[in-house]
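**Student:** First, the structure itself, so that you have it in front of you.
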Amino acid sequence: MTNSGQELRRTSLYETHKAAGAKMVPFAGYEMPVQYTGVIDEHLAVREAAGLFDVSHMGEFEARGKEAGAFIHKMVTNNVKRLEVGGVLYAAMCRAEGGIVDDLTVYRLEEERYMAVVNAANIEKDWEWMASHHAEDCAFENVSERTGLLALQGPKAESILAKLIPGGGDLAAIPYYGARYKDLAGCEVLVSRTGYTGEDGFELYCESADAPAVWNALMSEGESDGLKPCGLGARDTLRTEMKFALYGNDIDESTHPLEAGLGWVVRYKAGDFIGREKLLALKAEGVKRKLVGFEMVDRGIPRHGAPILIDGEAAGEVTSGTMSPSLGKAIGIGYVPASNADEGAALEIDIRGKARRAQIVKTPFYKKPETE
Amino acid sequence: MELPSGLKYSREHEWVRVEGNIAVIGITDFAQSELGDVVYVELPEAGTEVEANNTFGVVESVKAVSDLFAPVTGVVVEANTTLEDQPELVNSEPYEDGWMIRVEMKDESELNDLLEADSYRAYTEEEGG
């Protein structure tokens, strides 16, 4: 677990994690908790009650001024023009050639103030790319260092959070992909109904110095409801069960949004954005490969980089895979030729030199049980 | 960390229980704790030859794949197939029902290269365990 002498950064919650018994690992240049009690235990807590994640390592950029909206709109594939104050959208950011620079969420915090939230591993790259395009009439600032970010996820997230906001915070009025400022444990927190788990829940942005106070208040309020601190291990299994793409695994600069199943966040009609022409051309051509979800039929767990075989021939690669704690099955995500991407299609995964049978299935892999 | 005396330990974190010329092999409490939830174990079939310090199988946690290294040379006489359906036994009972393979040893002098419980404990502490 040594990391070639590179100095790792820590979030303001580092001591809190250590005290809670977290196992820390290097991730995207940060020393982050991978687990506390165990990945499966934490995963199931999020599905059944609630879990709290420190994701302060993620990057936040703010754009302010008259041209802020137009600037962000030009950088991303989704329609920032239709975003209202308090609204959030998910988008891809592409090169002119269509390759994905990053996937991100965009917030409209005020009339002329936007926030882009990017992957930790891409902060520097994204900053350079965006800053090189930014408009004259707009201030653009990297606020990652001073921004703390917690994710409170699970069916009990709303009731736990409500208890910490004076008057309950009227959380029901925050729609999915909506965000409002609230007073939480004496701190100003941007409460965003978003997440990366497939459960209802919130992402909570605050001053990085306030993150421990917010964390501790949530943990002491939520513990009796089954709230557990969760690490990056459970974050990964939860998102994999939903087939949410992970940058660096499922998508990167060699992939484009259409083949990655992100066509739904590409809005061609809304005006120009970087990569639009290329994506229009790719759409007209038809995608050659598709990112699909599959389940193992034979034993074995598919892992990132394992070859996908069709009729014995290499036809693609696994981009993510795990044992699904909710389903008790080995599942994977990977690119296959578009001609062989239908549900039910047979694949083989080369795991340590042995071809093992798998089958393309409908995604998300995990569906919430119907409540009565 | 549980480290029964009377077992031999390898620097790759396997344990060996000697029963005559048979070596019963598993992974240590330290190893299972470092791995986290074990969700998959792949073991050689009976009759497979294994060689000291070479891999004989894999153990997978949710996050990671780790090789299993044979502490001794010999022929596998039995693999613990229960682990196919209950890999979590490696976590809960690493020295009992979580055992992995029984090997008929070819050269019992290889056991001398393994560590006693005390020196293995010191070794894991040095590794930062």
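Simple scheme: letters A, B, ... for chains in structure tokens order, numbers from 1 for residues in each chain, numbers from 1 for ligands in the order shown.
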With the cut-off set at 8 Å and counting only C-alpha atoms, tabulate each residue of chain B with an atom at most that distance from an atom of chain A, showing the nearest atom pair and its distance in Å to one decimal, ordered by chain and increasing number, as a tab-separated table.

**Tutor:**
residue	atom	partner	partner_atom	distance
B:Gly36	CA	A:Gly38	CA	6.3
B:Asp37	CA	A:Gly38	CA	6.5
B:Val39	CA	A:Met323	CA	6.8
B:Tyr40	CA	A:Gly300	CA	7.3
B:Val62	CA	A:Met323	CA	6.1
B:Lys63	CA	A:Gly233	CA	6.7

**Student:** Excluding Ala355 in chain A and its own-chain neighbours fewer than 4 positions away, which residues fall within 9 Å of it when counting only C-alpha atoms? Please give them as an NGL selection string.

**Tutor:** :A and (308-309 or 312 or 348-351)

**Student:** For the atom pair CA of Ala63 in chain A and CA of Ile100 in chain A, what is the interatomic distance in Å to one decimal place?

**Tutor:**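 Computing the Euclidean distance for CA of Ala63 in chain A and CA of Ile100 in chain A yields 21.0 Å.
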
**Student:** What is the CA of Val189 in chain A-CA of Phe27 in chain A distance in Å, reported with one decimal?

**Tutor:** 25.3 Å

**Student:** Would you return as a ChimeraX atom specification the members of chain B that DSSP assigns to strand (DSSP E) on this structure's backbone?

**Tutor:** /B:8-9,14-19,22-27,38-42,49-50,55-61,65-69,74-79,101-105

**Student:** Considering only C-alpha atoms, return as a VMD selection string whatever protein or nucleic-acid residues lie within 10 Å of range 122-125 of chain B, sequence-local ones (same chain, fewer than 2 positions apart) excluded.

**Tutor:** chain B and resid 10 to 11 13 30 to 31 115 117 to 120 127 to 129

**Student:** Extract, using only C-alpha atoms, all DNA, RNA and protein residues at most 6 Å from range 97-113 of chain B, discarding same-chain residues fewer than 3 positions from it, and format them as a ChimeraX atom specification.

**Tutor:** /B:21-26,73-80,89-90,93-94

**Student:** Limited to all heavy atoms, could you put the picked residues into a file as a CSV table (one decimal), in the first residue's frame?

**Tutor:**
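Writing the result to selection_1.csv gives the following:
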chain,number,residue,atom,x,y,z
B,21,ASN,N,2.3,-36.2,7.2
B,21,ASN,CA,3.0,-35.6,6.0
B,21,ASN,C,2.0,-34.7,5.2
B,21,ASN,O,2.3,-34.4,4.1
B,21,ASN,CB,3.5,-36.7,5.1
B,21,ASN,CG,2.4,-37.5,4.5
B,21,ASN,OD1,1.3,-37.6,5.0
B,21,ASN,ND2,2.7,-38.1,3.3
B,22,ILE,N,0.9,-34.4,5.9
B,22,ILE,CA,-0.1,-33.5,5.2
B,22,ILE,C,0.1,-32.1,5.8
B,22,ILE,O,0.2,-31.9,7.0
B,22,ILE,CB,-1.5,-34.0,5.5
B,22,ILE,CG1,-1.7,-35.4,4.9
B,22,ILE,CG2,-2.5,-33.0,4.9
B,22,ILE,CD1,-1.7,-35.5,3.4
B,23,ALA,N,0.1,-31.1,4.9
B,23,ALA,CA,0.0,-29.7,5.4
B,23,ALA,C,-1.3,-29.1,5.1
B,23,ALA,O,-1.8,-29.1,3.9
B,23,ALA,CB,1.1,-28.9,4.6
B,24,VAL,N,-2.1,-28.7,6.1
B,24,VAL,CA,-3.3,-28.0,5.9
B,24,VAL,C,-3.0,-26.5,5.8
B,24,VAL,O,-2.3,-26.0,6.7
B,24,VAL,CB,-4.3,-28.3,7.1
B,24,VAL,CG1,-5.7,-27.7,6.8
B,24,VAL,CG2,-4.4,-29.8,7.3
B,25,ILE,N,-3.6,-25.9,4.8
B,25,ILE,CA,-3.1,-24.5,4.5
B,25,ILE,C,-4.3,-23.6,4.4
B,25,ILE,O,-5.4,-23.9,3.9
B,25,ILE,CB,-2.4,-24.5,3.1
B,25,ILE,CG1,-1.1,-25.3,3.2
B,25,ILE,CG2,-2.1,-23.0,2.7
B,25,ILE,CD1,-0.5,-25.6,1.9
B,26,GLY,N,-4.2,-22.4,5.0
B,26,GLY,CA,-5.2,-21.3,4.9
B,26,GLY,C,-4.5,-20.0,4.9
B,26,GLY,O,-3.3,-19.9,4.9
B,73,THR,N,5.9,-27.5,-1.0
B,73,THR,CA,5.7,-28.2,-2.3
B,73,THR,C,5.0,-29.5,-2.0
B,73,THR,O,5.2,-30.1,-1.0
B,73,THR,CB,7.1,-28.4,-2.9
B,73,THR,OG1,7.8,-27.2,-3.0
B,73,THR,CG2,7.0,-29.1,-4.3
B,74,GLY,N,4.2,-29.9,-3.0
B,74,GLY,CA,3.5,-31.2,-2.8
B,74,GLY,C,2.3,-31.3,-3.8
B,74,GLY,O,2.2,-30.6,-4.7
B,75,VAL,N,1.4,-32.3,-3.4
B,75,VAL,CA,0.3,-32.5,-4.2
B,75,VAL,C,-1.0,-32.3,-3.4
B,75,VAL,O,-1.1,-32.7,-2.3
B,75,VAL,CB,0.3,-34.0,-4.7
B,75,VAL,CG1,-1.0,-34.3,-5.5
B,75,VAL,CG2,1.5,-34.3,-5.6
B,76,VAL,N,-1.9,-31.5,-4.0
B,76,VAL,CA,-3.2,-31.2,-3.3
B,76,VAL,C,-4.0,-32.5,-3.2
B,76,VAL,O,-4.2,-33.2,-4.2
B,76,VAL,CB,-4.0,-30.2,-4.1
B,76,VAL,CG1,-5.4,-29.9,-3.4
B,76,VAL,CG2,-3.2,-28.9,-4.3
B,77,VAL,N,-4.4,-32.8,-1.9
B,77,VAL,CA,-5.2,-34.0,-1.8
B,77,VAL,C,-6.6,-33.7,-1.5
B,77,VAL,O,-7.5,-34.5,-1.8
B,77,VAL,CB,-4.7,-34.9,-0.6
B,77,VAL,CG1,-3.3,-35.6,-1.0
B,77,VAL,CG2,-4.6,-34.2,0.7
B,78,GLU,N,-6.9,-32.4,-1.1
B,78,GLU,CA,-8.3,-32.0,-0.9
B,78,GLU,C,-8.3,-30.5,-0.9
B,78,GLU,O,-7.4,-29.8,-0.4
B,78,GLU,CB,-8.8,-32.5,0.4
B,78,GLU,CG,-10.3,-32.3,0.5
B,78,GLU,CD,-10.8,-32.8,1.9
B,78,GLU,OE1,-10.0,-33.3,2.7
B,78,GLU,OE2,-12.0,-32.5,2.2
B,79,ALA,N,-9.4,-29.9,-1.5
B,79,ALA,CA,-9.6,-28.5,-1.5
B,79,ALA,C,-10.9,-28.3,-0.7
B,79,ALA,O,-11.8,-29.1,-0.8
B,79,ALA,CB,-9.7,-27.9,-2.9
B,80,ASN,N,-11.0,-27.2,0.0
B,80,ASN,CA,-12.2,-26.9,0.8
B,80,ASN,C,-13.3,-26.3,-0.1
B,80,ASN,O,-13.4,-25.1,-0.3
B,80,ASN,CB,-11.8,-25.9,1.9
B,80,ASN,CG,-13.0,-25.7,2.8
B,80,ASN,OD1,-14.1,-26.3,2.6
B,80,ASN,ND2,-12.8,-24.9,3.9
B,89,LEU,N,-16.4,-17.7,5.3
B,89,LEU,CA,-15.7,-18.5,6.3
B,89,LEU,C,-14.2,-18.1,6.5
B,89,LEU,O,-13.7,-18.3,7.5
B,89,LEU,CB,-15.8,-20.0,6.0
B,89,LEU,CG,-17.2,-20.6,6.2
B,89,LEU,CD1,-17.3,-22.0,5.6
B,89,LEU,CD2,-17.7,-20.5,7.6
B,90,VAL,N,-13.6,-17.6,5.4
B,90,VAL,CA,-12.2,-17.2,5.4
B,90,VAL,C,-12.1,-16.0,6.4
B,90,VAL,O,-11.1,-15.9,7.1
B,90,VAL,CB,-11.7,-16.8,4.0
B,90,VAL,CG1,-10.3,-16.2,4.1
B,90,VAL,CG2,-11.8,-18.0,3.1
B,93,GLU,N,-13.7,-17.7,10.2
B,93,GLU,CA,-12.9,-18.8,10.9
B,93,GLU,C,-11.7,-19.1,10.0
B,93,GLU,O,-11.6,-20.2,9.5
B,93,GLU,CB,-13.8,-20.0,10.9
B,93,GLU,CG,-15.1,-19.8,11.7
B,93,GLU,CD,-15.9,-21.1,11.8
B,93,GLU,OE1,-15.4,-22.2,11.7
B,93,GLU,OE2,-17.2,-21.0,11.7
B,94,PRO,N,-10.8,-18.2,10.0
B,94,PRO,CA,-9.6,-18.4,9.1
B,94,PRO,C,-8.8,-19.7,9.4
B,94,PRO,O,-8.2,-20.2,8.5
B,94,PRO,CB,-8.8,-17.1,9.3
B,94,PRO,CG,-9.2,-16.5,10.6
B,94,PRO,CD,-10.7,-16.9,10.7

**Student:** Using only C-alpha atoms, pick whichever of B:Pro87, B:Asp29, B:Glu12, B:Ser5 has the shortest atom-to-atom distance to Asn54 in chain B.

**Tutor:**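 Closest to Asn54 in chain B, using only C-alpha atoms: B:Glu12.
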
**Student:** One decimal, in Å: what's the spacing between CA of Glu259 in chain A and CA of Lys288 in chain A?

**Tutor:**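 Rounded to one decimal, the two atoms are 7.5 Å apart.
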
**Student:** From a backbone DSSP assignment, name each residue in range 5-224 of chain A labelled helix (DSSP H, G or I), as an MDAnalysis selection string.

**Tutor:** chainID A and resid 14:19 39:48 68:75 80:82 120:131 157:162 166:168 171:173 208:224

**Student:** Residues near Glu241 in chain A, anyone? I mean within 9 Å using only C-alpha atoms, not counting same-chain ones fewer than 5 positions away, as a ChimeraX atom specification.

**Tutor:** /A:197-198,236,322,324-327,331-332,363-367
